[in-house]
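Let me begin by presenting the structure, written as structure tokens, before commenting on it.
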Amino acid sequence: AQSVTQPDIHITVSEGASLELRCNYSYGATPYLFWYVQSPGQGLQLLLKYFSGDTLVQGIKGFEAEFKRSQSSFNLRKPSVHWSDAAEYFCAVGAGTGRRALTFGSGTRLQVQP
Amino acid sequence: GAGVSQSPSNKVTEKGKDVELRCDPISGHTALYWYRQSLGQGLEFLIYFQGNSAPDKSGLPSDRFSAERTGGSVSTLTIQRTQQEDSAVYLCASSLVVLLGVGTEAFFGQGTRLTVV
């Protein structure tokens with residue numbers, strides 16, 4: 001069965017600083033990988049996804065993520081954080097067989113300091 | 001509809017009562033998913049539907065939880081004899097086809113916040 005680990009529960013960065021949120025997955029085959037963002041009181045919004053091809057994927061709001069098979073990682077990055085990026089970020093993995101639903105990490109809460 | 005709609009947005013119920021949570025998926029989406037998000041926790045998979053059938057119910061935490069989907073559209077999650085540990089946000093998502101394939105993604109509703117007192 002697939003699993004996802006987000007090692008950082010809470011991260012604080014200054015506005016304008018760069019950001020990297022870590023995500024490690026466990027799955028026997030090529031995974032489908034996603035990053036979602038949840039703002040306070042809101043549902044989950046898809047930031048980006050990886051299915052195949054180029055391992056560096058671009059998403060909305062200036063985010064990108066890089067799939068590294070050798071490290072079983074799919075870290076989310078943004079070069080310059082804005083105050084509006086403060087939210088909770090979830091990494092998720094899906095499989096093409098078995099459970100046909102996403103498995104989520106426990107999330108990383110991002111706080112942005114002015 | 002334009003997005004996944006869940007109702008009610010908030011529900012407070014007394015311990016031992018039954019509750020029904022409703023999810024209206026995006027029109028034309030054949031797959032529907034229920035997740036539970038407890039305070040400070042990630043998303044816990046409950047069940048998914050492909051059309052009206054539920055191939056995977058393994059995430060339902062107990063037999064007090066059940067779900068159905070009719071007409072390949074609206075789904076209802078029912079919790080019987082609610083307990084305080086059932087307090088959480090229940091999220092519904094839908095996708096065009098069952099996950100996963102290139103081009104599919106799950107769209108989430110804003111959730112129902114259930115509080116059992």
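Residue numbering restarts at 1 for every chain of the structure tokens, chains are lettered A, B, ... in their displayed order, and ligands are numbered from 1 as they appear.
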Report as a Markdown table: every residue of chain B with an atom at most 12 Å from chain A, its closest pair of atoms, and their distance in Å to one decimal, counting only C-alpha atoms, with rows sorted by chain and ascending residue number.
```
| residue | atom | partner | partner_atom | distance |
| --- | --- | --- | --- | --- |
| B:Gly3 | CA | A:Gly43 | CA | 10.9 |
| B:Val4 | CA | A:Gly43 | CA | 9.8 |
| B:Ser5 | CA | A:Gly43 | CA | 10.4 |
| B:Gln6 | CA | A:Gly43 | CA | 10.4 |
| B:Ser9 | CA | A:Gly41 | CA | 10.3 |
| B:Asn10 | CA | A:Gly41 | CA | 11.3 |
| B:Ala31 | CA | A:Ala101 | CA | 9.5 |
| B:Leu32 | CA | A:Ala101 | CA | 9.4 |
| B:Tyr33 | CA | A:Ala101 | CA | 7.4 |
| B:Trp34 | CA | A:Ala101 | CA | 9.6 |
| B:Tyr35 | CA | A:Leu102 | CA | 9.8 |
| B:Arg36 | CA | A:Phe104 | CA | 11.1 |
| B:Gln37 | CA | A:Ser106 | CA | 9.7 |
| B:Ser38 | CA | A:Ser106 | CA | 10.5 |
| B:Leu39 | CA | A:Ser106 | CA | 10.9 |
| B:Gly40 | CA | A:Ser106 | CA | 8.2 |
| B:Gln41 | CA | A:Ser106 | CA | 5.7 |
| B:Gly42 | CA | A:Ser106 | CA | 3.8 |
| B:Leu43 | CA | A:Phe104 | CA | 5.9 |
| B:Glu44 | CA | A:Phe104 | CA | 7.5 |
| B:Phe45 | CA | A:Thr103 | CA | 7.2 |
| B:Leu46 | CA | A:Ala101 | CA | 9.8 |
| B:Ile47 | CA | A:Ala101 | CA | 8.6 |
| B:Tyr48 | CA | A:Ala101 | CA | 7.2 |
| B:Phe49 | CA | A:Arg100 | CA | 9.6 |
| B:Gln50 | CA | A:Arg100 | CA | 9.5 |
| B:Ala54 | CA | A:Arg100 | CA | 10.9 |
| B:Pro55 | CA | A:Arg99 | CA | 8.7 |
| B:Asp56 | CA | A:Arg99 | CA | 6.9 |
| B:Lys57 | CA | A:Arg99 | CA | 9.9 |
| B:Ser58 | CA | A:Arg99 | CA | 9.4 |
| B:Gly59 | CA | A:Arg99 | CA | 10.3 |
| B:Val89 | CA | A:Gly43 | CA | 10.1 |
| B:Tyr90 | CA | A:Gly43 | CA | 10.4 |
| B:Leu91 | CA | A:Gly43 | CA | 7.8 |
| B:Cys92 | CA | A:Gly43 | CA | 9.3 |
| B:Ala93 | CA | A:Leu44 | CA | 9.3 |
| B:Ser94 | CA | A:Ala101 | CA | 10.3 |
| B:Ser95 | CA | A:Ala101 | CA | 10.1 |
| B:Val97 | CA | A:Arg100 | CA | 10.2 |
| B:Val98 | CA | A:Arg100 | CA | 6.5 |
| B:Leu99 | CA | A:Arg100 | CA | 5.1 |
| B:Leu100 | CA | A:Gly96 | CA | 5.1 |
| B:Gly101 | CA | A:Gly96 | CA | 6.9 |
| B:Val102 | CA | A:Phe51 | CA | 6.1 |
| B:Gly103 | CA | A:Phe51 | CA | 8.2 |
| B:Thr104 | CA | A:Phe51 | CA | 9.6 |
| B:Glu105 | CA | A:Leu46 | CA | 8.2 |
| B:Ala106 | CA | A:Leu46 | CA | 8.1 |
| B:Phe107 | CA | A:Gln45 | CA | 7.4 |
| B:Phe108 | CA | A:Leu44 | CA | 5.7 |
| B:Gly109 | CA | A:Gly43 | CA | 5.6 |
| B:Gln110 | CA | A:Gly43 | CA | 3.9 |
| B:Gly111 | CA | A:Gly43 | CA | 6.5 |
| B:Thr112 | CA | A:Gly43 | CA | 10.0 |
| B:Arg113 | CA | A:Gly41 | CA | 9.8 |
```
Using C-alpha atoms, can you write the selected residues to a file as a tab-separated table (two decimals), in the first residue's frame?
```
chain	number	residue	atom	x	y	z
B	3	GLY	CA	-17.87	22.66	-8.11
B	4	VAL	CA	-18.34	19.99	-5.48
B	5	SER	CA	-21.02	21.07	-3.07
B	6	GLN	CA	-21.40	19.73	0.46
B	9	SER	CA	-21.38	23.26	6.04
B	10	ASN	CA	-21.61	22.90	9.80
B	31	ALA	CA	-15.96	8.89	-9.22
B	32	LEU	CA	-16.72	10.24	-5.76
B	33	TYR	CA	-14.60	10.08	-2.60
B	34	TRP	CA	-15.18	10.71	1.10
B	35	TYR	CA	-12.38	11.71	3.45
B	36	ARG	CA	-12.28	12.68	7.10
B	37	GLN	CA	-10.00	15.35	8.50
B	38	SER	CA	-9.68	15.41	12.26
B	39	LEU	CA	-8.20	18.41	14.05
B	40	GLY	CA	-4.51	18.68	13.25
B	41	GLN	CA	-4.56	15.50	11.21
B	42	GLY	CA	-4.21	14.66	7.58
B	43	LEU	CA	-6.96	13.33	5.40
B	44	GLU	CA	-8.22	9.87	6.22
B	45	PHE	CA	-9.76	7.96	3.33
B	46	LEU	CA	-13.23	6.60	4.07
B	47	ILE	CA	-14.82	5.30	0.88
B	48	TYR	CA	-15.01	5.86	-2.83
B	49	PHE	CA	-17.69	5.28	-5.45
B	50	GLN	CA	-17.37	4.37	-9.09
B	54	ALA	CA	-18.41	1.30	-3.76
B	55	PRO	CA	-15.45	-0.94	-4.62
B	56	ASP	CA	-13.50	0.11	-1.54
B	57	LYS	CA	-15.20	0.60	1.81
B	58	SER	CA	-12.16	-0.38	3.81
B	59	GLY	CA	-11.63	3.10	5.19
B	89	VAL	CA	-14.41	17.82	8.91
B	90	TYR	CA	-15.81	15.44	6.32
B	91	LEU	CA	-14.57	16.20	2.83
B	92	CYS	CA	-16.01	14.98	-0.42
B	93	ALA	CA	-14.21	14.95	-3.76
B	94	SER	CA	-15.09	13.92	-7.27
B	95	SER	CA	-13.16	13.15	-10.41
B	97	VAL	CA	-13.11	8.99	-13.90
B	98	VAL	CA	-11.85	6.80	-11.14
B	99	LEU	CA	-8.29	7.54	-10.22
B	100	LEU	CA	-5.87	7.38	-11.53
B	101	GLY	CA	-4.97	8.14	-15.04
B	102	VAL	CA	-3.29	10.88	-16.92
B	103	GLY	CA	-5.39	13.96	-16.82
B	104	THR	CA	-7.61	13.01	-13.94
B	105	GLU	CA	-7.64	14.92	-10.73
B	106	ALA	CA	-9.90	15.10	-7.72
B	107	PHE	CA	-11.84	18.25	-6.95
B	108	PHE	CA	-12.78	18.81	-3.32
B	109	GLY	CA	-15.76	20.40	-1.67
B	110	GLN	CA	-15.39	22.73	1.28
B	111	GLY	CA	-16.41	20.08	3.74
B	112	THR	CA	-18.91	19.57	6.51
B	113	ARG	CA	-17.66	20.37	9.99
```
> Neighbours of Phe67 of chain A within 12 Å (only C-alpha atoms; same-chain residues fewer than 2 positions away dropped), as a PyMOL selection string?
Replying inline: chain A and resi 22-25+30-35+48-58+64-65+69-77+93
Filtering to N, CA, C and O atoms, could you give me those residues as a compact mmCIF listing (two decimals), in the first residue's frame?
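Full text of part34.txt as output:
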```
# COMPACT_ATOMS: atom_id res chain seq x y z
N ARG A 22 8.80 19.41 2.14
CA ARG A 22 9.25 18.07 1.83
C ARG A 22 8.12 17.06 1.80
O ARG A 22 7.17 17.15 2.59
N CYS A 23 8.26 16.11 0.90
CA CYS A 23 7.30 15.03 0.77
C CYS A 23 8.04 13.78 0.34
O CYS A 23 8.77 13.80 -0.66
N ASN A 24 7.88 12.71 1.08
CA ASN A 24 8.43 11.42 0.71
C ASN A 24 7.30 10.42 0.60
O ASN A 24 6.38 10.42 1.41
N TYR A 25 7.37 9.56 -0.39
CA TYR A 25 6.30 8.61 -0.60
C TYR A 25 6.86 7.19 -0.59
O TYR A 25 8.05 6.97 -0.77
N THR A 30 5.58 3.32 -10.31
CA THR A 30 5.60 4.76 -10.55
C THR A 30 4.34 5.37 -9.97
O THR A 30 3.24 4.99 -10.33
N PRO A 31 4.51 6.31 -9.08
CA PRO A 31 3.33 6.88 -8.43
C PRO A 31 2.75 8.05 -9.21
O PRO A 31 3.41 8.63 -10.06
N TYR A 32 1.54 8.37 -8.91
CA TYR A 32 0.95 9.64 -9.32
C TYR A 32 1.02 10.54 -8.09
O TYR A 32 0.60 10.15 -7.01
N LEU A 33 1.54 11.73 -8.24
CA LEU A 33 1.83 12.59 -7.09
C LEU A 33 1.13 13.93 -7.22
O LEU A 33 1.04 14.49 -8.33
N PHE A 34 0.68 14.45 -6.11
CA PHE A 34 -0.09 15.68 -6.09
C PHE A 34 0.33 16.54 -4.89
O PHE A 34 0.73 16.02 -3.85
N TRP A 35 0.17 17.84 -5.06
CA TRP A 35 0.22 18.77 -3.94
C TRP A 35 -1.09 19.55 -3.93
O TRP A 35 -1.51 20.10 -4.96
N LEU A 48 -0.53 21.28 -8.09
CA LEU A 48 0.15 20.67 -9.22
C LEU A 48 0.09 19.15 -9.09
O LEU A 48 -0.26 18.63 -8.03
N LYS A 49 0.44 18.48 -10.18
CA LYS A 49 0.39 17.02 -10.20
C LYS A 49 1.49 16.49 -11.10
O LYS A 49 1.94 17.16 -12.05
N TYR A 50 1.91 15.27 -10.80
CA TYR A 50 2.88 14.58 -11.63
C TYR A 50 2.33 13.22 -11.98
O TYR A 50 1.97 12.42 -11.11
N PHE A 51 2.29 12.94 -13.29
CA PHE A 51 1.88 11.61 -13.74
C PHE A 51 3.04 10.90 -14.42
O PHE A 51 3.28 9.72 -14.22
N SER A 52 3.74 11.64 -15.29
CA SER A 52 4.86 11.05 -16.02
C SER A 52 5.58 12.18 -16.74
O SER A 52 5.16 13.34 -16.70
N GLY A 53 6.68 11.84 -17.41
CA GLY A 53 7.37 12.84 -18.22
C GLY A 53 8.33 13.69 -17.41
O GLY A 53 9.01 13.20 -16.49
N ASP A 54 8.38 14.96 -17.74
CA ASP A 54 9.31 15.89 -17.10
C ASP A 54 9.14 15.83 -15.58
O ASP A 54 8.02 15.98 -15.07
N THR A 55 10.25 15.64 -14.89
CA THR A 55 10.16 15.47 -13.44
C THR A 55 9.99 16.78 -12.69
O THR A 55 9.74 16.77 -11.49
N LEU A 56 10.14 17.88 -13.37
CA LEU A 56 9.91 19.19 -12.75
C LEU A 56 8.57 19.69 -13.27
O LEU A 56 8.42 19.92 -14.47
N VAL A 57 7.62 19.83 -12.39
CA VAL A 57 6.29 20.24 -12.81
C VAL A 57 5.97 21.62 -12.25
O VAL A 57 6.33 21.94 -11.12
N GLN A 58 5.30 22.38 -13.07
CA GLN A 58 4.89 23.72 -12.67
C GLN A 58 3.43 23.69 -12.27
O GLN A 58 2.61 22.97 -12.86
N GLU A 64 6.24 25.01 -7.84
CA GLU A 64 6.76 23.93 -8.66
C GLU A 64 7.15 22.78 -7.75
O GLU A 64 7.32 22.96 -6.53
N ALA A 65 7.27 21.60 -8.32
CA ALA A 65 7.69 20.44 -7.54
C ALA A 65 8.54 19.55 -8.43
O ALA A 65 8.36 19.51 -9.65
N ARG A 69 12.88 10.06 -8.23
CA ARG A 69 12.60 8.66 -7.98
C ARG A 69 13.62 8.05 -7.03
O ARG A 69 13.26 7.28 -6.14
N SER A 70 14.88 8.42 -7.19
CA SER A 70 15.95 7.82 -6.37
C SER A 70 15.79 8.15 -4.90
O SER A 70 16.25 7.41 -4.03
N GLN A 71 15.13 9.27 -4.61
CA GLN A 71 14.92 9.69 -3.22
C GLN A 71 13.48 9.50 -2.77
O GLN A 71 13.14 9.83 -1.64
N SER A 72 12.64 8.97 -3.66
CA SER A 72 11.21 8.81 -3.36
C SER A 72 10.65 10.11 -2.80
O SER A 72 9.94 10.13 -1.79
N SER A 73 10.98 11.21 -3.48
CA SER A 73 10.55 12.50 -2.98
C SER A 73 9.81 13.30 -4.05
O SER A 73 9.97 13.07 -5.25
N PHE A 74 9.02 14.22 -3.58
CA PHE A 74 8.26 15.12 -4.45
C PHE A 74 8.12 16.42 -3.69
O PHE A 74 7.05 16.78 -3.20
N ASN A 75 9.20 17.16 -3.57
CA ASN A 75 9.22 18.37 -2.77
C ASN A 75 8.63 19.56 -3.52
O ASN A 75 8.86 19.74 -4.72
N LEU A 76 7.93 20.36 -2.79
CA LEU A 76 7.26 21.55 -3.34
C LEU A 76 8.14 22.77 -3.07
O LEU A 76 8.66 22.93 -1.96
N ARG A 77 8.25 23.63 -4.08
CA ARG A 77 9.11 24.81 -3.93
C ARG A 77 8.42 26.06 -4.46
O ARG A 77 7.54 25.98 -5.34
N VAL A 93 -0.38 10.81 -2.81
CA VAL A 93 0.06 9.83 -3.80
C VAL A 93 -1.12 8.96 -4.19
O VAL A 93 -1.99 8.67 -3.37
```
> How far is it from atom CA of Thr30 of chain B to atom CA of Ser39 of chain A, in Å with one decimal?
Replying inline: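 So the answer is 26.8 Å.
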>> Could you list, as a PyMOL selection string, every residue within 9 Å of Val117 of chain B, counting only C-alpha atoms and ignoring same-chain residues fewer than 2 positions away?
In response: chain B and resi 12-15+83-84+87+115
